[in-house]
>>> print(open('data30.cif').read())   # mmCIF, C-alpha atoms and all ligand atoms
data_run
#
loop_
_atom_site.label_atom_id
_atom_site.label_comp_id
_atom_site.auth_asym_id
_atom_site.auth_seq_id
_atom_site.Cartn_x
_atom_site.Cartn_y
_atom_site.Cartn_z
CA MET A 10 -44.15 32.20 27.41
CA VAL A 11 -41.33 34.50 26.28
CA ILE A 12 -39.28 33.61 29.35
CA ARG A 13 -39.84 29.91 28.62
CA LYS A 14 -38.61 30.39 25.06
CA ILE A 15 -35.46 32.20 26.28
CA LEU A 16 -34.81 29.45 28.82
CA MET A 17 -35.27 26.79 26.14
CA LYS A 18 -32.83 28.60 23.82
CA LYS A 19 -30.29 28.81 26.63
CA ALA A 20 -30.76 25.11 27.37
CA VAL A 21 -30.25 24.21 23.69
CA LYS A 22 -27.11 26.40 23.51
CA LYS A 23 -25.73 24.76 26.67
CA LYS A 24 -26.49 21.30 25.29
CA PHE A 25 -24.81 22.21 21.99
CA ARG A 26 -21.70 23.43 23.84
CA GLN A 27 -21.61 20.21 25.86
CA ARG A 28 -22.00 18.13 22.70
CA GLU A 29 -19.16 20.02 21.03
CA GLU A 30 -16.87 19.31 23.97
CA VAL A 31 -17.86 15.62 24.00
CA GLU A 32 -17.25 15.31 20.25
CA VAL A 33 -13.74 16.66 20.62
CA ARG A 34 -13.02 14.18 23.42
CA ASP A 35 -14.57 11.29 21.48
CA TYR A 36 -12.34 11.63 18.43
CA PRO A 37 -8.66 11.61 19.41
CA ILE A 38 -6.00 11.02 16.70
CA PRO A 39 -6.34 7.29 16.04
CA VAL A 40 -3.38 4.97 16.62
CA LYS A 41 -3.37 2.73 13.56
CA ASP A 42 -0.04 0.93 14.01
CA TYR A 43 -0.32 -2.81 14.60
CA SER A 44 1.65 -3.78 17.71
CA TRP A 45 2.69 -7.21 18.90
CA GLU A 46 4.40 -8.69 21.93
CA PRO A 47 8.13 -9.13 21.17
CA GLY A 48 9.38 -12.71 21.35
CA LYS A 49 5.85 -14.16 21.05
CA ASP A 50 5.63 -14.95 17.32
CA PRO A 51 3.75 -18.20 16.56
CA LYS A 52 6.23 -20.95 15.69
CA THR A 53 4.57 -24.24 14.71
CA ARG A 54 2.56 -24.66 11.50
CA ARG A 55 -0.62 -24.96 13.56
CA GLU A 56 0.11 -21.83 15.60
CA ILE A 57 0.91 -19.87 12.43
CA GLU A 58 -2.34 -20.96 10.72
CA LYS A 59 -4.36 -20.02 13.82
CA PHE A 60 -2.65 -16.62 13.97
CA PHE A 61 -3.06 -16.07 10.20
CA ASN A 62 -6.82 -16.64 10.51
CA SER A 63 -7.28 -14.75 13.79
CA PRO A 64 -9.77 -11.84 13.94
CA LYS A 65 -7.01 -9.21 14.33
CA ILE A 66 -5.16 -10.41 11.22
CA GLU A 67 -8.41 -10.85 9.26
CA ALA A 68 -9.17 -7.16 10.01
CA ILE A 69 -5.82 -6.10 8.51
CA LYS A 70 -6.47 -8.29 5.45
CA ARG A 71 -9.82 -6.54 4.93
CA LEU A 72 -8.11 -3.16 5.26
CA ILE A 73 -5.49 -4.13 2.64
CA VAL A 74 -8.27 -5.28 0.27
CA ASP A 75 -10.01 -1.92 0.76
CA LEU A 76 -6.80 0.07 0.22
CA GLY A 77 -6.06 -2.01 -2.90
CA ARG A 78 -9.39 -0.96 -4.39
CA ARG A 79 -8.77 2.68 -3.48
CA SER A 80 -5.29 2.59 -5.01
CA TYR A 81 -6.50 0.80 -8.16
CA GLY A 82 -9.39 3.27 -8.48
CA ARG A 83 -6.88 6.12 -8.57
CA SER A 84 -4.92 4.43 -11.40
CA PHE A 85 -1.91 3.75 -9.19
CA ASN A 86 -1.86 0.07 -10.18
CA ASP A 87 -1.69 -1.02 -13.80
CA GLY A 88 -2.54 -4.70 -14.42
CA ASN A 89 -1.35 -6.60 -11.36
CA GLY A 90 1.11 -3.81 -10.43
CA GLY A 91 1.83 -2.68 -6.87
CA ASN A 92 1.77 -4.40 -3.50
CA PHE A 93 1.19 -3.81 0.23
CA THR A 94 2.84 -5.22 3.35
CA VAL A 95 2.10 -4.96 7.08
CA ARG A 96 4.51 -6.15 9.77
CA VAL A 97 2.59 -8.26 12.30
CA GLY A 98 5.38 -9.77 14.42
CA ASP A 99 9.13 -9.87 15.12
CA ASN A 100 9.54 -12.01 12.00
CA LEU A 101 6.07 -11.96 10.41
CA VAL A 102 4.77 -9.81 7.56
CA LEU A 103 1.38 -9.90 5.88
CA CYS A 104 1.61 -9.25 2.13
CA THR A 105 -0.35 -9.20 -1.11
CA PRO A 106 -0.09 -12.04 -3.67
CA THR A 107 1.55 -12.10 -7.09
CA MET A 108 -0.47 -11.74 -10.32
CA VAL A 109 -3.64 -10.42 -8.71
CA SER A 110 -5.10 -7.02 -9.59
CA LYS A 111 -5.32 -4.66 -6.61
CA GLY A 112 -8.81 -3.85 -7.86
CA SER A 113 -10.17 -7.38 -7.41
CA MET A 114 -8.09 -8.75 -4.53
CA THR A 115 -9.91 -10.67 -1.77
CA VAL A 116 -9.16 -11.48 1.87
CA GLN A 117 -8.46 -15.10 0.85
CA ASP A 118 -5.63 -13.93 -1.47
CA MET A 119 -3.38 -12.64 1.34
CA CYS A 120 -0.06 -14.24 2.27
CA LEU A 121 2.19 -14.37 5.34
CA VAL A 122 6.00 -14.32 5.03
CA ASN A 123 8.98 -13.95 7.33
CA LEU A 124 11.54 -11.12 7.04
CA ASP A 125 13.60 -13.27 4.63
CA GLY A 126 10.61 -13.53 2.30
CA GLU A 127 9.87 -17.21 2.94
CA GLN A 128 6.14 -17.89 2.68
CA LEU A 129 4.56 -19.19 5.91
CA ALA A 130 0.82 -19.09 5.12
CA GLY A 131 -1.69 -18.28 2.39
CA SER A 132 -2.81 -20.34 -0.62
CA ARG A 133 -1.54 -17.86 -3.25
CA ARG A 134 2.14 -17.17 -3.95
CA ARG A 135 3.47 -13.97 -2.38
CA THR A 136 4.53 -11.08 -4.61
CA SER A 137 8.18 -11.22 -5.71
CA GLU A 138 8.48 -7.50 -4.88
CA VAL A 139 7.93 -8.20 -1.18
CA LEU A 140 11.73 -8.44 -0.90
CA ALA A 141 12.04 -4.66 -1.38
CA HIS A 142 9.48 -4.01 1.39
CA LEU A 143 11.32 -6.39 3.74
CA ALA A 144 14.67 -4.75 2.94
CA ILE A 145 13.27 -1.48 4.32
CA MET A 146 11.62 -3.13 7.36
CA ARG A 147 14.86 -4.91 8.30
CA ARG A 148 16.71 -1.56 8.34
CA GLN A 149 14.04 0.72 9.80
CA LYS A 150 11.90 -0.33 12.79
CA LEU A 151 9.46 2.58 12.23
CA ALA A 152 8.57 1.02 8.86
CA LYS A 153 5.73 -1.29 9.88
CA ALA A 154 3.90 -1.07 6.56
CA CYS A 155 4.94 -0.42 2.95
CA CYS A 156 3.08 0.47 -0.20
CA HIS A 157 4.50 0.01 -3.69
CA ALA A 158 2.68 1.34 -6.76
CA HIS A 159 3.15 2.85 -10.21
CA PRO A 160 1.19 6.13 -9.99
CA PRO A 161 1.62 7.80 -13.41
CA HIS A 162 3.02 11.22 -12.50
CA ALA A 163 5.43 10.14 -9.77
CA THR A 164 6.47 7.18 -11.92
CA ALA A 165 7.14 9.58 -14.81
CA PHE A 166 9.68 11.30 -12.53
CA ALA A 167 11.20 7.92 -11.68
CA LEU A 168 11.48 7.12 -15.38
CA ALA A 169 13.08 10.49 -16.13
CA GLY A 170 15.50 10.15 -13.19
CA LEU A 171 14.11 13.28 -11.50
CA THR A 172 12.78 14.19 -8.08
CA PRO A 173 10.14 16.92 -7.62
CA PRO A 174 11.11 20.38 -6.33
CA ARG A 175 11.34 20.99 -2.58
CA CYS A 176 9.83 24.04 -0.81
CA ALA A 177 6.90 24.16 -3.24
CA ASN A 178 4.17 22.47 -1.19
CA PRO A 179 4.04 22.55 2.66
CA GLU A 180 2.24 19.19 3.00
CA THR A 181 4.86 17.43 0.90
CA GLU A 182 7.63 18.91 3.08
CA ILE A 183 5.94 17.46 6.17
CA PHE A 184 4.81 14.05 4.92
CA ILE A 185 7.50 13.25 2.33
CA GLY A 186 10.47 15.60 2.77
CA GLN A 187 13.33 14.59 0.52
CA VAL A 188 12.53 11.77 -1.92
CA ALA A 189 15.26 9.12 -2.11
CA VAL A 190 16.24 7.51 -5.41
CA ALA A 191 17.10 3.82 -5.87
CA ASP A 192 19.07 2.79 -8.97
CA TYR A 193 17.43 0.43 -11.42
CA ASP A 194 17.70 -3.33 -11.16
CA THR A 195 15.39 -6.10 -12.31
CA PRO A 196 12.10 -6.02 -10.34
CA GLY A 197 11.65 -8.81 -7.81
CA THR A 198 15.39 -9.56 -7.47
CA SER A 199 17.22 -9.43 -4.16
CA SER A 200 19.74 -6.92 -5.60
CA MET A 201 16.90 -4.51 -6.43
CA ALA A 202 15.46 -5.07 -2.95
CA GLU A 203 18.78 -4.06 -1.36
CA LEU A 204 18.93 -0.86 -3.45
CA VAL A 205 15.41 0.09 -2.29
CA GLY A 206 16.19 -0.91 1.30
CA GLU A 207 19.28 1.34 1.37
CA ALA A 208 17.36 4.29 -0.10
CA GLY A 209 14.27 3.75 2.05
CA ALA A 210 15.97 3.23 5.41
CA GLU A 211 15.87 6.98 6.18
CA HIS A 212 13.35 8.25 3.64
CA ASP A 213 9.56 7.80 3.65
CA CYS A 214 9.40 7.75 -0.14
CA VAL A 215 11.69 6.12 -2.71
CA PHE A 216 11.62 6.59 -6.48
CA MET A 217 12.71 3.30 -8.04
CA LEU A 218 14.37 4.34 -11.30
CA ASN A 219 12.61 3.08 -14.46
CA HIS A 220 9.99 1.37 -12.30
CA GLY A 221 7.74 3.06 -9.69
CA VAL A 222 7.42 4.32 -6.14
CA MET A 223 7.73 2.88 -2.63
CA THR A 224 6.35 4.59 0.50
CA TRP A 225 6.34 3.38 4.09
CA ALA A 226 4.79 4.37 7.42
CA GLY A 227 3.78 2.99 10.83
CA ASP A 228 0.54 1.67 9.32
CA VAL A 229 -0.59 0.67 5.85
CA GLU A 230 -3.23 3.36 5.36
CA THR A 231 -0.68 6.11 6.07
CA ALA A 232 1.72 4.41 3.64
CA LEU A 233 -0.97 4.76 0.93
CA TRP A 234 -1.63 8.38 2.01
CA LYS A 235 2.04 9.11 1.36
CA MET A 236 1.69 7.53 -2.08
CA GLU A 237 -1.27 9.86 -2.71
CA ASN A 238 0.76 12.84 -1.40
CA ILE A 239 3.73 12.25 -3.68
CA GLU A 240 1.57 11.52 -6.74
CA ALA A 241 -0.45 14.73 -6.17
CA HIS A 242 2.77 16.72 -5.67
CA CYS A 243 4.38 15.41 -8.86
CA ARG A 244 1.19 16.02 -10.85
CA THR A 245 0.78 19.59 -9.58
CA CYS A 246 4.44 20.40 -10.19
CA MET A 247 4.08 19.20 -13.79
CA LEU A 248 1.02 21.43 -14.23
CA ALA A 249 2.80 24.36 -12.56
CA ALA A 250 5.77 23.85 -14.93
CA GLN A 251 3.38 24.57 -17.83
CA LEU A 252 2.49 27.86 -16.12
CA GLY A 253 6.09 28.97 -15.71
CA GLY A 254 7.19 26.85 -12.77
CA ALA A 255 6.26 26.47 -9.10
CA LEU A 256 7.16 29.34 -6.78
CA GLN A 257 9.35 28.13 -3.93
CA PHE A 258 9.35 29.36 -0.35
CA GLY A 259 12.72 29.77 1.37
CA PRO A 260 14.62 27.21 3.45
CA GLU A 261 13.88 29.25 6.60
CA LYS A 262 10.13 28.55 6.11
CA ALA A 263 10.94 24.93 5.38
CA GLU A 264 12.65 24.72 8.78
CA GLN A 265 9.25 25.24 10.44
CA LEU A 266 7.79 22.37 8.42
CA ILE A 267 10.74 20.13 9.29
CA ALA A 268 10.04 20.90 12.97
CA MET A 269 6.39 19.87 12.44
CA ARG A 270 7.60 16.68 10.77
CA ASP A 271 9.82 15.93 13.78
CA ALA A 272 6.91 16.61 16.16
CA MET A 273 4.77 14.08 14.27
CA GLY A 274 7.39 11.39 14.86
CA PHE A 275 8.38 10.84 11.23
CA VAL A 276 11.80 9.48 10.38
CA ARG A 277 14.76 11.91 10.63
CA GLN A 278 16.11 12.35 7.10
CA PRO A 279 19.87 13.00 6.96
CA ASP A 280 19.46 15.25 3.89
CA CYS A 281 16.17 16.95 4.89
CA ARG A 282 17.81 20.40 4.59
CA SER A 283 19.42 19.84 1.20
CA PHE A 284 16.31 21.09 -0.69
CA LYS A 285 17.38 19.29 -3.84
CA SER A 286 15.12 19.96 -6.80
CA GLY A 287 16.07 17.06 -9.01
CA ASP A 288 18.98 16.70 -11.35
CA LYS A 289 17.47 18.94 -14.01
CA SER A 290 16.26 21.74 -11.74
CA LEU A 291 16.01 24.16 -14.69
CA LEU A 292 12.80 22.35 -15.53
CA TRP A 293 11.12 24.08 -12.59
CA ASN A 294 12.22 27.62 -13.34
CA MET A 295 11.12 28.97 -16.71
CA ASP A 296 13.29 32.13 -16.52
CA ALA A 297 16.41 30.13 -15.73
CA PHE A 298 15.48 27.66 -18.47
CA VAL A 299 15.04 30.44 -21.08
CA ASP A 300 18.35 32.04 -19.99
CA ALA A 301 20.13 28.71 -20.32
CA VAL A 302 18.65 28.08 -23.81
CA ALA A 303 19.52 31.66 -24.91
CA ALA A 304 23.10 31.20 -23.66
CA ARG A 305 23.44 27.90 -25.56
CA VAL A 306 22.01 29.46 -28.76
CA ALA A 307 24.33 32.51 -28.47
CA LYS A 308 27.30 30.19 -27.96
CA LYS A 309 26.38 28.16 -31.06
CA LEU A 310 25.87 31.28 -33.16
CA GLY A 311 29.22 32.57 -31.96
CA LYS A 312 30.89 29.33 -33.02
CA GLY A 313 29.17 29.51 -36.41
CA LYS A 314 30.61 32.98 -37.09
CA LYS A 315 34.19 31.83 -36.51
CA ARG A 316 33.95 29.28 -39.31
ZN ZN A 401 6.42 -2.57 -9.35
#
>>> encode(input="data30.cif", output="structure tokens", more="lines below")
Ligand SMILES: [Zn+2]
Amino acid sequence: MVIRKILMKKAVKKKFRQREEVEVRDYPIPVKDYSWEPGKDPKTRREIEKFFNSPKIEAIKRLIVDLGRRSYGRSFNDGNGGNFTVRVGDNLVLCTPTMVSKGSMTVQDMCLVNLDGEQLAGSRRRTSEVLAHLAIMRRQKLAKACCHAHPPHATAFALAGLTPPRCANPETEIFIGQVAVADYDTPGTSSMAELVGEAGAEHDCVFMLNHGVMTWAGDVETALWKMENIEAHCRTCMLAAQLGGALQFGPEKAEQLIAMRDAMGFVRQPDCRSFKSGDKSLLWNMDAFVDAVAARVAKKLGKGKKR
């Protein structure tokens, strides 16, 4: 009886080990990018409609609807704010419609445009901000999906003309790196789109001054993840500023994270080693801030004495 029990235990352990091995093999890192055959875009109106309603495209539409709800639920999208795009051909991009809340969007609301922004399919009008997404996609072939939103903390930085500190959060160094900044222009215009396209060509995340945030990736879910990353980073840095400022690890440690970023196939950023901390970097260092204020006060008092 005892021997049987021991044998049974051994058998269970062996089975458990086997199951563990199988589980590891069964869950490789998923490839989420949509790929298409170059030179095979549908051309005629009929071909485009068939493609637009095909099971593969319907699946992406459902994913966008789901991501819209997730993004809206996290307060990234005020009113009808924000939009998503997914490149689905040489000259085909799926996008969200104008004037529809990301919290109540449906599969039937989706639109199809070409890289010039001309609408090819969908009963609703495409978002005017699609032009900024397309401006990035035209410049950067790795950008197969974009996410634009107005998450409160990251948008606060964009309104203040600041970027968050580097070397404060390892995940942000890997997934975002250096945030690019696009000057302000009227939303939905082609001139604003070009500013975002320039800034976003070699940066995963762009702060659009006085407006919001744009992120891009190989697939739309990762583009939203990056939006979550940058919003969380900005929020935590603001909280850390109230506690005296975020501690920063050195550039030599950041080098290791840049190497990890390269290994993951993210875009090479020309200024990834600049470690810029925003225009008003004193904001992130309470001691330096107090020293600067004390120096200003002393200077003013000195001037007062002379009079
Ligand atoms: Zn916007």
>>> residues_around(input="data30.cif", residues="Ile73 (chain A)", least_positions_apart="4", cutoff="10 Å", atoms="all atoms listed in the file", output="list in words")
Glu67, Ala68, Ile69, Gly77, Arg78, Arg79, Asn92, Phe93, Thr94, Val95, Leu103, Cys104, Thr105, Lys111, Met114, Thr115, Val116, Met119, Val229 and Glu230 of chain A
>>> residues_near_ligand(input="data30.cif", ligand="ligand ZN 401 (chain A)", cutoff="12 Å", atoms="all atoms listed in the file", output="compact mmCIF listing (two decimals) with C-alpha atoms, keeping the file's coordinate frame")
# COMPACT_ATOMS: atom_id res chain seq x y z
CA PHE A 85 -1.91 3.75 -9.19
CA ASN A 86 -1.86 0.07 -10.18
CA ASP A 87 -1.69 -1.02 -13.80
CA GLY A 88 -2.54 -4.70 -14.42
CA ASN A 89 -1.35 -6.60 -11.36
CA GLY A 90 1.11 -3.81 -10.43
CA GLY A 91 1.83 -2.68 -6.87
CA ASN A 92 1.77 -4.40 -3.50
CA PHE A 93 1.19 -3.81 0.23
CA THR A 107 1.55 -12.10 -7.09
CA MET A 108 -0.47 -11.74 -10.32
CA THR A 136 4.53 -11.08 -4.61
CA SER A 137 8.18 -11.22 -5.71
CA GLU A 138 8.48 -7.50 -4.88
CA VAL A 139 7.93 -8.20 -1.18
CA LEU A 140 11.73 -8.44 -0.90
CA ALA A 141 12.04 -4.66 -1.38
CA HIS A 142 9.48 -4.01 1.39
CA CYS A 156 3.08 0.47 -0.20
CA HIS A 157 4.50 0.01 -3.69
CA ALA A 158 2.68 1.34 -6.76
CA HIS A 159 3.15 2.85 -10.21
CA PRO A 160 1.19 6.13 -9.99
CA THR A 164 6.47 7.18 -11.92
CA ALA A 167 11.20 7.92 -11.68
CA TYR A 193 17.43 0.43 -11.42
CA ASP A 194 17.70 -3.33 -11.16
CA THR A 195 15.39 -6.10 -12.31
CA PRO A 196 12.10 -6.02 -10.34
CA GLY A 197 11.65 -8.81 -7.81
CA THR A 198 15.39 -9.56 -7.47
CA MET A 201 16.90 -4.51 -6.43
CA ALA A 202 15.46 -5.07 -2.95
CA VAL A 205 15.41 0.09 -2.29
CA PHE A 216 11.62 6.59 -6.48
CA MET A 217 12.71 3.30 -8.04
CA LEU A 218 14.37 4.34 -11.30
CA ASN A 219 12.61 3.08 -14.46
CA HIS A 220 9.99 1.37 -12.30
CA GLY A 221 7.74 3.06 -9.69
CA VAL A 222 7.42 4.32 -6.14
CA MET A 223 7.73 2.88 -2.63
>>> closest_atom_pairs(input="data30.cif", of="region 94-208 of chain A", to="region 270-276 of chain A", cutoff="12 Å", atoms="only C-alpha atoms", output="JSON lines")
{"residue": "A:Gln149", "atom": "CA", "partner": "A:Val276", "partner_atom": "CA", "distance": 9.1}
{"residue": "A:Lys150", "atom": "CA", "partner": "A:Val276", "partner_atom": "CA", "distance": 10.1}
{"residue": "A:Leu151", "atom": "CA", "partner": "A:Val276", "partner_atom": "CA", "distance": 7.5}
{"residue": "A:Ala152", "atom": "CA", "partner": "A:Val276", "partner_atom": "CA", "distance": 9.2}
{"residue": "A:Pro179", "atom": "CA", "partner": "A:Arg270", "partner_atom": "CA", "distance": 10.6}
{"residue": "A:Glu180", "atom": "CA", "partner": "A:Arg270", "partner_atom": "CA", "distance": 9.8}
{"residue": "A:Thr181", "atom": "CA", "partner": "A:Arg270", "partner_atom": "CA", "distance": 10.3}
{"residue": "A:Glu182", "atom": "CA", "partner": "A:Arg270", "partner_atom": "CA", "distance": 8.0}
{"residue": "A:Ile183", "atom": "CA", "partner": "A:Arg270", "partner_atom": "CA", "distance": 5.0}
{"residue": "A:Phe184", "atom": "CA", "partner": "A:Arg270", "partner_atom": "CA", "distance": 7.0}
{"residue": "A:Ile185", "atom": "CA", "partner": "A:Arg270", "partner_atom": "CA", "distance": 9.1}
{"residue": "A:Gly186", "atom": "CA", "partner": "A:Arg270", "partner_atom": "CA", "distance": 8.6}
{"residue": "A:Gln187", "atom": "CA", "partner": "A:Val276", "partner_atom": "CA", "distance": 11.2}
>>> residues_near_point(input="data30.cif", point="(0.1, 9.5, -4.5)", cutoff="10 Å", atoms="only C-alpha atoms", output="list in words")
Ser80, Arg83, Ser84, Phe85, Ala158, His159, Pro160, Pro161, His162, Ala163, Val222, Thr224, Ala232, Leu233, Trp234, Lys235, Met236, Glu237, Asn238, Ile239, Glu240, Ala241, His242, Cys243 and Arg244 of chain A
>>> closest_residue(input="data30.cif", among="A:Lys65, A:Gly253, A:Lys153, A:Arg135", to="Ala226 (chain A)", atoms="only C-alpha atoms")
A:Lys153
>>> closest_residue(input="data30.cif", among="A:Ser110, A:Gln117, A:Thr53, A:Thr245", to="Ile66 (chain A)", atoms="only C-alpha atoms")
A:Gln117
>>> closest_residue(input="data30.cif", among="A:Ile145, A:Met269, A:Ala303, A:Leu101", to="Ala130 (chain A)", atoms="only C-alpha atoms")
A:Leu101
>>> atom_distance(input="data30.cif", atom1="CA of Glu207 (chain A)", atom2="CA of Trp225 (chain A)")
13.4 Å
>>> build_atoms(input="data30.cif", residues="region 148-160 of chain A", atoms="N, CA and C atoms", output="PDB file, in the coordinates of the input")
ATOM      1  N   ARG A 148      15.807  -2.681   7.995  1.00  0.00           N
ATOM      2  CA  ARG A 148      16.710  -1.560   8.340  1.00  0.00           C
ATOM      3  C   ARG A 148      16.055  -0.500   9.225  1.00  0.00           C
ATOM      4  N   GLN A 149      14.730  -0.395   9.152  1.00  0.00           N
ATOM      5  CA  GLN A 149      14.040   0.720   9.800  1.00  0.00           C
ATOM      6  C   GLN A 149      12.858   0.197  10.624  1.00  0.00           C
ATOM      7  N   LYS A 150      12.969   0.248  11.954  1.00  0.00           N
ATOM      8  CA  LYS A 150      11.900  -0.330  12.790  1.00  0.00           C
ATOM      9  C   LYS A 150      10.604   0.485  12.740  1.00  0.00           C
ATOM     10  N   LEU A 151      10.690   1.780  12.364  1.00  0.00           N
ATOM     11  CA  LEU A 151       9.460   2.580  12.230  1.00  0.00           C
ATOM     12  C   LEU A 151       8.623   2.138  11.023  1.00  0.00           C
ATOM     13  N   ALA A 152       9.270   1.469  10.087  1.00  0.00           N
ATOM     14  CA  ALA A 152       8.570   1.020   8.860  1.00  0.00           C
ATOM     15  C   ALA A 152       7.813  -0.269   9.174  1.00  0.00           C
ATOM     16  N   LYS A 153       6.548  -0.113   9.560  1.00  0.00           N
ATOM     17  CA  LYS A 153       5.730  -1.290   9.880  1.00  0.00           C
ATOM     18  C   LYS A 153       4.751  -1.606   8.758  1.00  0.00           C
ATOM     19  N   ALA A 154       4.756  -0.793   7.733  1.00  0.00           N
ATOM     20  CA  ALA A 154       3.900  -1.070   6.560  1.00  0.00           C
ATOM     21  C   ALA A 154       4.508  -0.362   5.346  1.00  0.00           C
ATOM     22  N   CYS A 155       4.424  -1.019   4.192  1.00  0.00           N
ATOM     23  CA  CYS A 155       4.940  -0.420   2.950  1.00  0.00           C
ATOM     24  C   CYS A 155       3.881  -0.492   1.858  1.00  0.00           C
ATOM     25  N   CYS A 156       3.981   0.444   0.955  1.00  0.00           N
ATOM     26  CA  CYS A 156       3.080   0.470  -0.200  1.00  0.00           C
ATOM     27  C   CYS A 156       3.933   0.703  -1.435  1.00  0.00           C
ATOM     28  N   HIS A 157       3.796  -0.183  -2.424  1.00  0.00           N
ATOM     29  CA  HIS A 157       4.500   0.010  -3.690  1.00  0.00           C
ATOM     30  C   HIS A 157       3.455   0.151  -4.792  1.00  0.00           C
ATOM     31  N   ALA A 158       3.648   1.135  -5.668  1.00  0.00           N
ATOM     32  CA  ALA A 158       2.680   1.340  -6.760  1.00  0.00           C
ATOM     33  C   ALA A 158       3.391   2.028  -7.923  1.00  0.00           C
ATOM     34  N   HIS A 159       2.639   2.190  -9.016  1.00  0.00           N
ATOM     35  CA  HIS A 159       3.150   2.850 -10.210  1.00  0.00           C
ATOM     36  C   HIS A 159       2.241   4.036 -10.567  1.00  0.00           C
ATOM     37  N   PRO A 160       2.061   4.996  -9.659  1.00  0.00           N
ATOM     38  CA  PRO A 160       1.190   6.130  -9.990  1.00  0.00           C
ATOM     39  C   PRO A 160       1.810   6.940 -11.132  1.00  0.00           C
TER      40      PRO A 160
END
